[in-house]
$ cat target38.txt   # compact mmCIF, C-alpha atoms
# COMPACT_ATOMS: atom_id res chain seq x y z
CA MET A 1 148.07 83.99 118.86
CA SER A 2 149.01 87.43 117.57
CA LYS A 3 146.31 88.85 115.31
CA ASP A 4 148.65 91.81 114.75
CA ALA A 5 150.26 89.63 112.09
CA LEU A 6 147.16 90.23 109.95
CA TYR A 7 146.91 93.97 110.63
CA PRO A 8 149.80 96.11 109.37
CA ASP A 9 149.97 99.65 110.71
CA PRO A 10 147.89 102.08 108.62
CA PRO A 11 147.96 103.58 106.10
CA HIS A 12 148.49 100.51 103.96
CA LEU A 13 150.56 100.06 100.83
CA THR A 14 148.80 97.47 98.67
CA ILE A 15 150.44 95.57 95.82
CA ALA A 16 147.67 93.76 93.95
CA VAL A 17 146.98 91.73 90.83
CA TRP A 18 143.90 90.36 89.13
CA SER A 19 144.14 87.02 87.35
CA PRO A 20 141.45 84.91 85.68
CA GLU A 21 143.16 81.81 87.06
CA ASP A 22 141.97 79.92 90.15
CA GLU A 23 142.31 82.40 92.99
CA GLU A 24 143.48 79.82 95.52
CA SER A 25 146.39 78.97 93.24
CA VAL A 26 147.10 82.68 92.75
CA PHE A 27 147.01 83.17 96.53
CA GLY A 28 149.55 80.39 97.07
CA ARG A 29 151.86 81.79 94.42
CA ALA A 30 151.63 85.23 96.03
CA CYS A 31 152.73 83.64 99.31
CA ASP A 32 155.74 82.17 97.52
CA VAL A 33 156.57 85.60 96.09
CA VAL A 34 156.63 87.32 99.49
CA VAL A 35 158.85 84.60 100.96
CA ALA A 36 161.24 85.04 98.04
CA ALA A 37 161.15 88.80 98.75
CA GLY A 38 162.44 88.27 102.28
CA CYS A 39 159.25 87.75 104.30
CA ALA A 40 159.02 85.11 107.01
CA PRO A 41 155.73 83.30 107.74
CA ALA A 42 154.08 84.43 110.97
CA GLY A 43 151.89 81.33 111.08
CA VAL A 44 148.64 83.29 111.42
CA VAL A 45 145.97 82.66 108.81
CA GLU A 46 142.36 83.74 108.39
CA SER A 47 140.29 81.14 106.59
CA ALA A 48 136.78 80.00 105.80
CA PRO A 49 135.18 76.70 104.82
CA ARG A 50 135.43 75.87 101.15
CA GLY A 51 132.49 76.50 98.83
CA ARG A 52 131.41 79.86 100.24
CA GLN A 53 130.72 82.67 97.77
CA TYR A 54 131.39 86.22 98.91
CA ALA A 55 132.11 89.76 97.80
CA MET A 56 133.57 91.11 101.07
CA LEU A 57 135.31 89.00 103.71
CA GLN A 58 132.70 90.28 106.14
CA ASP A 59 130.10 88.30 104.17
CA LEU A 60 131.67 85.13 105.56
CA ASP A 61 130.36 84.93 109.12
CA ASP A 62 132.03 81.54 109.60
CA ARG A 63 135.57 82.72 108.90
CA SER A 64 138.13 82.19 111.63
CA THR A 65 141.71 83.09 112.53
CA ALA A 66 144.27 80.60 113.83
CA GLN A 67 147.94 80.32 114.69
CA LEU A 68 149.26 77.28 112.85
CA GLY A 69 152.43 75.28 112.80
CA ALA A 70 154.67 75.58 109.77
CA ASP A 71 153.32 72.55 107.89
CA ALA A 72 149.65 73.35 108.54
CA PHE A 73 150.17 77.01 107.60
CA ASP A 74 151.87 76.00 104.35
CA ALA A 75 149.06 73.58 103.53
CA VAL A 76 146.32 76.16 104.06
CA VAL A 77 147.93 79.00 102.12
CA HIS A 78 148.70 76.69 99.19
CA GLY A 79 145.17 75.28 98.99
CA ARG A 80 146.02 71.81 100.26
CA ASP A 81 143.74 71.84 103.30
CA PRO A 82 140.64 69.70 102.57
CA VAL A 83 138.29 71.89 104.62
CA LEU A 84 139.60 75.46 104.74
CA ARG A 85 140.51 78.02 102.08
CA PRO A 86 142.82 80.94 102.93
CA LEU A 87 141.57 84.53 103.06
CA LYS A 88 144.56 86.25 104.72
CA ALA A 89 148.01 84.99 105.60
CA GLY A 90 150.47 86.76 107.87
CA TYR A 91 154.18 87.31 107.26
CA ARG A 92 156.86 89.64 108.62
CA VAL A 93 159.69 91.43 106.86
CA LYS A 94 162.67 93.13 108.44
CA GLY A 95 162.33 96.89 108.58
CA TRP A 96 158.61 97.12 107.74
CA GLY A 97 156.92 94.65 110.06
CA ALA A 98 153.69 92.82 109.23
CA VAL A 99 152.97 91.82 105.64
CA ILE A 100 149.76 90.08 104.61
CA VAL A 101 148.66 88.21 101.53
CA GLU A 102 144.92 88.70 101.14
CA HIS A 103 141.90 88.58 98.87
CA LEU A 104 140.49 92.04 98.15
CA LEU A 105 136.93 93.22 97.62
CA GLY A 106 135.27 91.53 94.65
CA THR A 107 131.96 90.06 93.64
CA GLU A 108 130.43 86.61 93.92
CA LYS A 109 130.83 86.09 90.16
CA GLU A 110 134.42 87.27 89.63
CA MET A 111 137.81 86.19 90.80
CA HIS A 112 138.95 88.35 93.70
CA PRO A 113 142.13 90.39 93.33
CA VAL A 114 145.00 89.00 95.38
CA ALA A 115 147.19 91.51 97.21
CA VAL A 116 150.28 91.90 99.33
CA SER A 117 149.74 94.65 101.92
CA LEU A 118 151.97 96.29 104.51
CA ALA A 119 152.45 99.61 106.30
CA ALA A 120 153.04 102.40 103.78
CA ASP A 121 155.70 104.00 105.98
CA ARG A 122 156.96 107.23 104.28
CA LEU A 123 154.84 106.49 101.21
CA GLY A 124 151.82 107.20 103.40
CA LEU A 125 152.96 110.80 103.98
CA PRO A 126 152.63 113.72 101.52
CA ASP A 127 155.84 113.72 99.49
CA SER A 128 155.95 117.51 99.85
CA SER A 129 156.79 116.92 103.53
CA TRP A 130 159.65 114.48 102.91
CA LYS A 131 163.17 115.22 104.06
CA ALA A 132 166.16 113.62 102.36
CA SER A 133 166.00 110.61 104.70
CA ASP A 134 162.27 110.23 104.00
CA ARG A 135 162.87 110.22 100.25
CA LYS A 136 165.51 107.54 100.62
CA ALA A 137 163.21 105.39 102.76
CA ALA A 138 160.26 105.92 100.40
CA ARG A 139 162.37 104.97 97.40
CA ARG A 140 163.60 101.82 99.16
CA LEU A 141 160.06 100.64 99.93
CA ALA A 142 158.86 101.59 96.44
CA GLN A 143 161.63 99.50 94.89
CA TRP A 144 160.73 96.54 97.09
CA ALA A 145 157.03 96.86 96.23
CA THR A 146 157.83 97.17 92.51
CA GLY A 147 159.87 93.98 92.68
CA VAL A 148 157.01 92.18 94.41
CA LEU A 149 154.52 93.35 91.78
CA ARG A 150 156.85 92.27 88.98
CA GLU A 151 157.17 88.77 90.45
CA LEU A 152 153.41 88.57 91.01
CA THR A 153 152.79 89.38 87.36
CA VAL A 154 155.24 86.68 86.28
CA GLY A 155 153.95 84.01 88.65
CA THR A 156 150.17 84.42 88.76
CA GLY A 157 148.93 84.83 85.20
CA ALA A 158 147.91 88.40 86.09
CA VAL A 159 146.34 90.49 83.35
CA TYR A 160 146.57 93.71 85.36
CA GLY A 161 147.74 94.98 88.72
CA ALA A 162 148.55 98.13 90.65
CA ILE A 163 150.30 99.57 93.69
CA GLY A 164 148.59 102.20 95.84
CA VAL A 165 148.25 103.62 99.33
CA GLU A 166 144.85 102.94 100.90
CA GLU A 167 143.56 101.82 97.51
CA THR A 168 141.94 98.57 96.47
CA LEU A 169 142.32 96.98 93.04
CA PRO A 170 138.99 97.12 91.20
CA THR A 171 137.62 93.98 89.57
CA PRO A 172 136.82 94.12 85.83
CA SER A 173 133.15 94.90 86.52
CA ALA A 174 134.13 97.72 88.91
CA LEU A 175 136.41 99.18 86.23
CA ARG A 176 133.49 99.17 83.78
CA SER A 177 131.44 100.99 86.41
CA GLY A 178 133.99 103.81 86.59
CA ALA A 179 136.35 102.75 89.38
CA PRO A 180 139.94 103.93 88.69
CA VAL A 181 142.84 101.50 88.70
CA GLY A 182 145.39 104.08 89.94
CA THR A 183 148.60 105.65 88.65
CA VAL A 184 151.11 102.82 89.31
CA VAL A 185 149.74 100.12 87.01
CA PHE A 186 150.67 96.90 85.22
CA VAL A 187 148.91 95.68 82.06
CA ALA A 188 149.68 92.32 80.45
CA SER A 189 150.98 91.94 76.91
CA ALA A 190 147.73 90.18 75.98
CA LEU A 191 146.02 93.60 76.11
CA PRO A 192 148.06 95.80 73.71
CA ASP A 193 145.20 98.24 73.08
CA VAL A 194 144.87 98.82 76.83
CA GLN A 195 148.62 99.26 77.14
CA ALA A 196 148.36 102.01 74.54
CA LEU A 197 145.64 103.74 76.58
CA PHE A 198 147.77 103.81 79.71
CA GLY A 199 150.87 104.66 77.70
CA ALA A 200 149.17 107.83 76.51
CA ALA A 201 148.89 108.90 80.16
CA VAL A 202 152.00 107.44 81.85
CA PRO A 203 155.42 106.47 80.43
CA GLY A 204 155.75 102.68 80.48
CA VAL A 205 158.49 100.16 81.23
CA GLN A 206 158.61 96.73 79.59
CA TRP A 207 158.35 93.74 81.93
CA PRO A 208 158.51 90.01 81.07
CA THR A 209 154.73 89.59 80.76
CA GLY A 210 153.54 93.11 80.05
CA GLU A 211 154.14 96.80 80.67
CA PHE A 212 154.52 98.70 83.92
CA PHE A 213 153.31 102.30 84.14
CA PRO A 214 154.83 103.99 87.22
CA GLY A 215 153.01 107.30 87.49
CA TRP A 216 154.45 108.24 90.90
CA HIS A 217 158.09 109.30 91.20
CA PRO A 218 159.20 106.94 94.00
CA PHE A 219 158.25 104.06 91.67
CA ALA A 220 159.80 105.58 88.53
CA GLU A 221 163.48 106.06 87.81
CA SER A 222 162.95 109.80 87.29
CA PRO A 223 160.13 112.33 87.81
CA VAL A 224 157.17 111.66 85.53
CA VAL A 225 154.38 113.78 84.11
CA VAL A 226 151.02 112.00 84.22
CA ASP A 227 148.11 112.99 81.99
CA GLU A 228 145.43 112.48 84.63
CA LYS A 229 142.62 113.26 82.20
CA ARG A 230 143.40 110.10 80.21
CA LEU A 231 143.41 107.70 83.15
CA PRO A 232 139.61 107.26 83.56
CA ALA A 233 139.28 106.20 79.92
CA ALA A 234 142.23 103.84 80.32
CA SER A 235 140.69 102.21 83.39
CA PHE A 236 137.32 101.84 81.64
CA GLY A 237 139.04 100.43 78.57
CA LEU A 238 140.77 97.84 80.74
CA GLY A 239 137.48 96.73 82.24
CA ARG A 240 135.80 96.57 78.85
CA ALA A 241 138.66 94.50 77.40
CA LEU A 242 138.12 91.95 80.18
CA SER A 243 134.36 91.62 79.71
CA GLY A 244 133.52 87.93 79.85
CA ARG A 245 136.83 86.98 81.53
CA ALA A 246 135.67 87.17 85.14
CA GLY A 247 136.48 83.54 85.72
$ encode --input "target38.txt" --output "C-alpha cells"
Amino acid sequence: MSKDALYPDPPHLTIAVWSPEDEESVFGRACDVVVAAGCAPAGVVESAPRGRQYAMLQDLDDRSTAQLGADAFDAVVHGRDPVLRPLKAGYRVKGWGAVIVEHLLGTEKEMHPVAVSLAADRLGLPDSSWKASDRKAARRLAQWATGVLRELTVGTGAVYGAIGVEETLPTPSALRSGAPVGTVVFVASALPDVQALFGAAVPGVQWPTGEFFPGWHPFAESPVVVDEKRLPAASFGLGRALSGRAG
C-alpha cells in the first residue's frame, strides 16, 4: 500500500467548500468531481467507524488506512460501506501527482468542510519570483482548481468555498470567531448580502449557484486590486449569516 497517495507534496493547494448537507454525501460528490476533472482513483482510503464525532482527524484514534479494490474503494468514498465512513481518499492526476479528497478541521457540532488538495506547484512560490514558464504553469493549475471549485459548488449544495495555499476553510463558527476565509472565495446566491460584502473588496464573477471572487491574479482573468481592509468584515458577515445552519 502506498500512503503517498494521501500525502501530496507540500505546500498544498486546497480547494474547499462548506455545505449544510450530509457531509458523507458531499464527500462522495467531491470524489465524482475530481474523477470528472481527470483524476484516477489510487485505491487508498483513510476511514473510521461510523458514529464517531470529531473536530480533527487526530481525534479519531481508531481511524485506519487501506488499499482497496475498485469496487470497495467506490463503496467507501460514496458512503455505501455499512461499517466505515471515509475521511481521506487518494487520487492521481497527470502532471501534478497525488490529489486527495478530505474532511478539513471542524467541530463536533458542525459539518466539516470537504476539500480537494494537491501540491501547489508554482502557486506555492512567491509570484515575484516567477519566470514566464512559472506564470504559465501557475495559470494552468489555477484554471484547473477554479474548474474544480465551480463543479463542487454546483454539485454539493455549497454555501461558500475558497481556494488557498496552506489554508484551511473555516467553519461558520470559526468565521464568527474572526478566522478569515481568504481572497479566492465563492459565496452562494442564497446569501446576497454576503456577496455584496465580498464584492466591495474583490471583483466578482457570476457562477451557476453564486458568485466567485478571485482576489489573486492567477485565478482572475486580469490583475485585480483587493481591498484587504474589507475582507475581515466580509468573513465575519459570512459566519454570522450562517448562524444556526451548522447542520
$ closest_residue --input "target38.txt" --among "A:Gly239, A:Pro208, A:Gly106, A:Gly38" --to "Gln58 of chain A" --atoms "all atoms listed in the file"
A:Gly106
$ closest_residue --input "target38.txt" --among "A:Val148, A:Leu105, A:Ala190, A:Ala119" --to "Ala174 of chain A" --atoms "only C-alpha atoms"
A:Leu105
$ atom_distance --input "target38.txt" --atom1 "atom CA of Val184 of chain A" --atom2 "atom CA of Pro41 of chain A"
27.2 Å
$ residues_around --input "target38.txt" --residues "Ala201 of chain A" --least-positions-apart "3" --cutoff "7 Å" --atoms "only C-alpha atoms" --output "list of chain:residue names"
A:Phe198, A:Val226, A:Asp227, A:Glu228, A:Arg230, A:Leu231
$ write_last_selection --input "target38.txt" --atoms "C-alpha atoms" --output "PDB file, keeping the file's coordinate frame"
ATOM      1  CA  PHE A 198     147.770 103.810  79.710  1.00  0.00           C
ATOM      2  CA  VAL A 226     151.020 112.000  84.220  1.00  0.00           C
ATOM      3  CA  ASP A 227     148.110 112.990  81.990  1.00  0.00           C
ATOM      4  CA  GLU A 228     145.430 112.480  84.630  1.00  0.00           C
ATOM      5  CA  ARG A 230     143.400 110.100  80.210  1.00  0.00           C
ATOM      6  CA  LEU A 231     143.410 107.700  83.150  1.00  0.00           C
TER       7      LEU A 231
END
$ atom_distance --input "target38.txt" --atom1 "atom CA of Ser19 of chain A" --atom2 "atom CA of Val45 of chain A"
22.0 Å
$ atom_distance --input "target38.txt" --atom1 "atom CA of Arg50 of chain A" --atom2 "atom CA of Leu84 of chain A"
5.5 Å
$ residues_around --input "target38.txt" --residues "Val17 of chain A" --least-positions-apart "6" --cutoff "6 Å" --atoms "all atoms listed in the file" --output "PDB file with C-alpha atoms, in the frame of the given file"
ATOM      1  CA  PRO A 113     142.130  90.390  93.330  1.00  0.00           C
ATOM      2  CA  VAL A 114     145.000  89.000  95.380  1.00  0.00           C
ATOM      3  CA  ALA A 158     147.910  88.400  86.090  1.00  0.00           C
ATOM      4  CA  TYR A 160     146.570  93.710  85.360  1.00  0.00           C
ATOM      5  CA  GLY A 161     147.740  94.980  88.720  1.00  0.00           C
TER       6      GLY A 161
END
$ closest_residue --input "target38.txt" --among "A:Ser47, A:Gln195, A:Thr14, A:Thr156" --to "Phe27 of chain A" --atoms "only C-alpha atoms"
A:Thr156
$ closest_residue --input "target38.txt" --among "A:Gly90, A:Gly28, A:Gly51, A:Gly124" --to "His78 of chain A" --atoms "all atoms listed in the file"
A:Gly28
$ closest_residue --input "target38.txt" --among "A:Ala162, A:Ala179, A:Ala120, A:Leu87" --to "Arg63 of chain A" --atoms "all atoms listed in the file"
A:Leu87
$ residues_around --input "target38.txt" --residues "Leu191 of chain A" --least-positions-apart "6" --cutoff "9 Å" --atoms "all atoms listed in the file" --output "list in words"
Val159, Gly210, Leu238 and Ala241 of chain A
$ write_last_selection --input "target38.txt" --atoms "C-alpha atoms" --output "compact mmCIF listing (two decimals), in the coordinates of the input"
# COMPACT_ATOMS: atom_id res chain seq x y z
CA VAL A 159 146.34 90.49 83.35
CA GLY A 210 153.54 93.11 80.05
CA LEU A 238 140.77 97.84 80.74
CA ALA A 241 138.66 94.50 77.40
$ closest_residue --input "target38.txt" --among "A:Pro214, A:Gln67, A:Leu60, A:Ser189" --to "Leu149 of chain A" --atoms "all atoms listed in the file"
A:Pro214
$ axis_aligned_box --input "target38.txt" --around "segment 6-19 of chain A" --padding-each-side "3 Å" --output "lines of an AutoDock Vina configuration file"
center_x = 147.2
center_y = 95.3
center_z = 99.0
size_x = 12.7
size_y = 22.6
size_z = 29.4
$ decode --input "target38.txt" --residues "segment 65-172 of chain A" --atoms "C-alpha atoms" --output "JSON list (two decimals), in the first residue's frame"
[["chain", "number", "residue", "atom", "x", "y", "z"],
["A", 65, "THR", "CA", -5.71, 3.42, 6.07],
["A", 66, "ALA", "CA", -6.21, 0.67, 3.50],
["A", 67, "GLN", "CA", -5.55, -0.11, -0.14],
["A", 68, "LEU", "CA", -8.85, -1.25, -1.62],
["A", 69, "GLY", "CA", -10.02, -2.75, -4.85],
["A", 70, "ALA", "CA", -12.03, -0.57, -7.20],
["A", 71, "ASP", "CA", -15.48, -1.67, -6.02],
["A", 72, "ALA", "CA", -14.65, -1.46, -2.30],
["A", 73, "PHE", "CA", -12.99, 1.94, -2.75],
["A", 74, "ASP", "CA", -16.02, 3.25, -4.60],
["A", 75, "ALA", "CA", -18.36, 1.95, -1.90],
["A", 76, "VAL", "CA", -16.42, 3.58, 0.94],
["A", 77, "VAL", "CA", -15.99, 7.00, -0.67],
["A", 78, "HIS", "CA", -19.67, 7.13, -1.62],
["A", 79, "GLY", "CA", -20.91, 6.19, 1.85],
["A", 80, "ARG", "CA", -22.14, 2.71, 0.95],
["A", 81, "ASP", "CA", -19.92, 0.78, 3.35],
["A", 82, "PRO", "CA", -22.01, -0.38, 6.35],
["A", 83, "VAL", "CA", -19.14, -0.02, 8.85],
["A", 84, "LEU", "CA", -16.68, 2.63, 7.65],
["A", 85, "ARG", "CA", -17.01, 6.30, 6.71],
["A", 86, "PRO", "CA", -14.37, 7.97, 4.53],
["A", 87, "LEU", "CA", -12.02, 10.63, 5.89],
["A", 88, "LYS", "CA", -9.50, 10.87, 3.02],
["A", 89, "ALA", "CA", -9.47, 9.32, -0.43],
["A", 90, "GLY", "CA", -6.47, 9.21, -2.75],
["A", 91, "TYR", "CA", -6.41, 10.01, -6.47],
["A", 92, "ARG", "CA", -3.73, 10.90, -9.01],
["A", 93, "VAL", "CA", -3.78, 13.40, -11.86],
["A", 94, "LYS", "CA", -1.33, 13.66, -14.73],
["A", 95, "GLY", "CA", 1.18, 16.44, -14.27],
["A", 96, "TRP", "CA", 0.51, 17.18, -10.58],
["A", 97, "GLY", "CA", 0.60, 13.80, -8.87],
["A", 98, "ALA", "CA", -1.37, 12.94, -5.74],
["A", 99, "VAL", "CA", -4.79, 14.50, -5.19],
["A", 100, "ILE", "CA", -6.85, 13.85, -2.07],
["A", 101, "VAL", "CA", -10.46, 14.41, -1.15],
["A", 102, "GLU", "CA", -10.63, 15.05, 2.58],
["A", 103, "HIS", "CA", -12.59, 16.43, 5.51],
["A", 104, "LEU", "CA", -10.97, 19.54, 6.99],
["A", 105, "LEU", "CA", -10.79, 20.79, 10.56],
["A", 106, "GLY", "CA", -14.22, 21.43, 12.05],
["A", 107, "THR", "CA", -16.11, 20.97, 15.28],
["A", 108, "GLU", "CA", -18.19, 18.15, 16.71],
["A", 109, "LYS", "CA", -21.37, 20.19, 16.15],
["A", 110, "GLU", "CA", -20.85, 21.42, 12.58],
["A", 111, "MET", "CA", -20.48, 19.82, 9.20],
["A", 112, "HIS", "CA", -16.82, 19.60, 8.25],
["A", 113, "PRO", "CA", -15.63, 21.39, 5.11],
["A", 114, "VAL", "CA", -14.82, 18.99, 2.29],
["A", 115, "ALA", "CA", -11.70, 19.72, 0.25],
["A", 116, "VAL", "CA", -9.68, 18.64, -2.75],
["A", 117, "SER", "CA", -5.96, 19.08, -2.03],
["A", 118, "LEU", "CA", -2.81, 18.64, -4.10],
["A", 119, "ALA", "CA", 0.72, 20.02, -4.41],
["A", 120, "ALA", "CA", 0.62, 23.78, -5.02],
["A", 121, "ASP", "CA", 3.46, 23.57, -7.54],
["A", 122, "ARG", "CA", 4.31, 27.13, -8.77],
["A", 123, "LEU", "CA", 1.39, 28.56, -6.80],
["A", 124, "GLY", "CA", 3.36, 27.70, -3.68],
["A", 125, "LEU", "CA", 6.18, 30.06, -4.68],
["A", 126, "PRO", "CA", 6.18, 33.88, -4.36],
["A", 127, "ASP", "CA", 4.79, 35.19, -7.65],
["A", 128, "SER", "CA", 7.51, 37.85, -7.63],
["A", 129, "SER", "CA", 9.98, 35.02, -8.35],
["A", 130, "TRP", "CA", 8.07, 33.55, -11.30],
["A", 131, "LYS", "CA", 9.60, 33.36, -14.75],
["A", 132, "ALA", "CA", 7.42, 33.22, -17.85],
["A", 133, "SER", "CA", 7.26, 29.41, -17.69],
["A", 134, "ASP", "CA", 6.29, 29.59, -14.00],
["A", 135, "ARG", "CA", 3.46, 32.00, -14.75],
["A", 136, "LYS", "CA", 2.14, 29.70, -17.44],
["A", 137, "ALA", "CA", 2.27, 26.69, -15.13],
["A", 138, "ALA", "CA", 0.67, 28.63, -12.26],
["A", 139, "ARG", "CA", -2.13, 29.83, -14.52],
["A", 140, "ARG", "CA", -2.76, 26.29, -15.76],
["A", 141, "LEU", "CA", -3.11, 24.90, -12.23],
["A", 142, "ALA", "CA", -5.22, 27.88, -11.15],
["A", 143, "GLN", "CA", -7.61, 27.27, -14.04],
["A", 144, "TRP", "CA", -7.88, 23.60, -13.14],
["A", 145, "ALA", "CA", -8.51, 24.41, -9.46],
["A", 146, "THR", "CA", -11.11, 27.04, -10.40],
["A", 147, "GLY", "CA", -12.94, 24.49, -12.53],
["A", 148, "VAL", "CA", -12.92, 22.01, -9.65],
["A", 149, "LEU", "CA", -14.30, 24.61, -7.23],
["A", 150, "ARG", "CA", -17.02, 25.58, -9.70],
["A", 151, "GLU", "CA", -18.13, 21.97, -10.07],
["A", 152, "LEU", "CA", -18.02, 21.46, -6.30],
["A", 153, "THR", "CA", -20.31, 24.44, -5.80],
["A", 154, "VAL", "CA", -22.76, 23.06, -8.37],
["A", 155, "GLY", "CA", -22.74, 19.50, -7.06],
["A", 156, "THR", "CA", -22.57, 19.75, -3.27],
["A", 157, "GLY", "CA", -25.08, 22.37, -2.17],
["A", 158, "ALA", "CA", -22.15, 24.52, -1.01],
["A", 159, "VAL", "CA", -22.97, 27.90, 0.52],
["A", 160, "TYR", "CA", -19.35, 29.05, 0.46],
["A", 161, "GLY", "CA", -15.91, 27.85, -0.53],
["A", 162, "ALA", "CA", -12.37, 29.01, -1.18],
["A", 163, "ILE", "CA", -9.04, 28.15, -2.76],
["A", 164, "GLY", "CA", -5.78, 28.76, -0.89],
["A", 165, "VAL", "CA", -2.22, 27.60, -0.38],
["A", 166, "GLU", "CA", -1.63, 26.07, 3.06],
["A", 167, "GLU", "CA", -5.00, 27.41, 4.18],
["A", 168, "THR", "CA", -7.97, 25.60, 5.66],
["A", 169, "LEU", "CA", -11.59, 26.61, 5.11],
["A", 170, "PRO", "CA", -13.07, 27.91, 8.37],
["A", 171, "THR", "CA", -16.40, 26.57, 9.57],
["A", 172, "PRO", "CA", -19.21, 29.09, 10.23]]
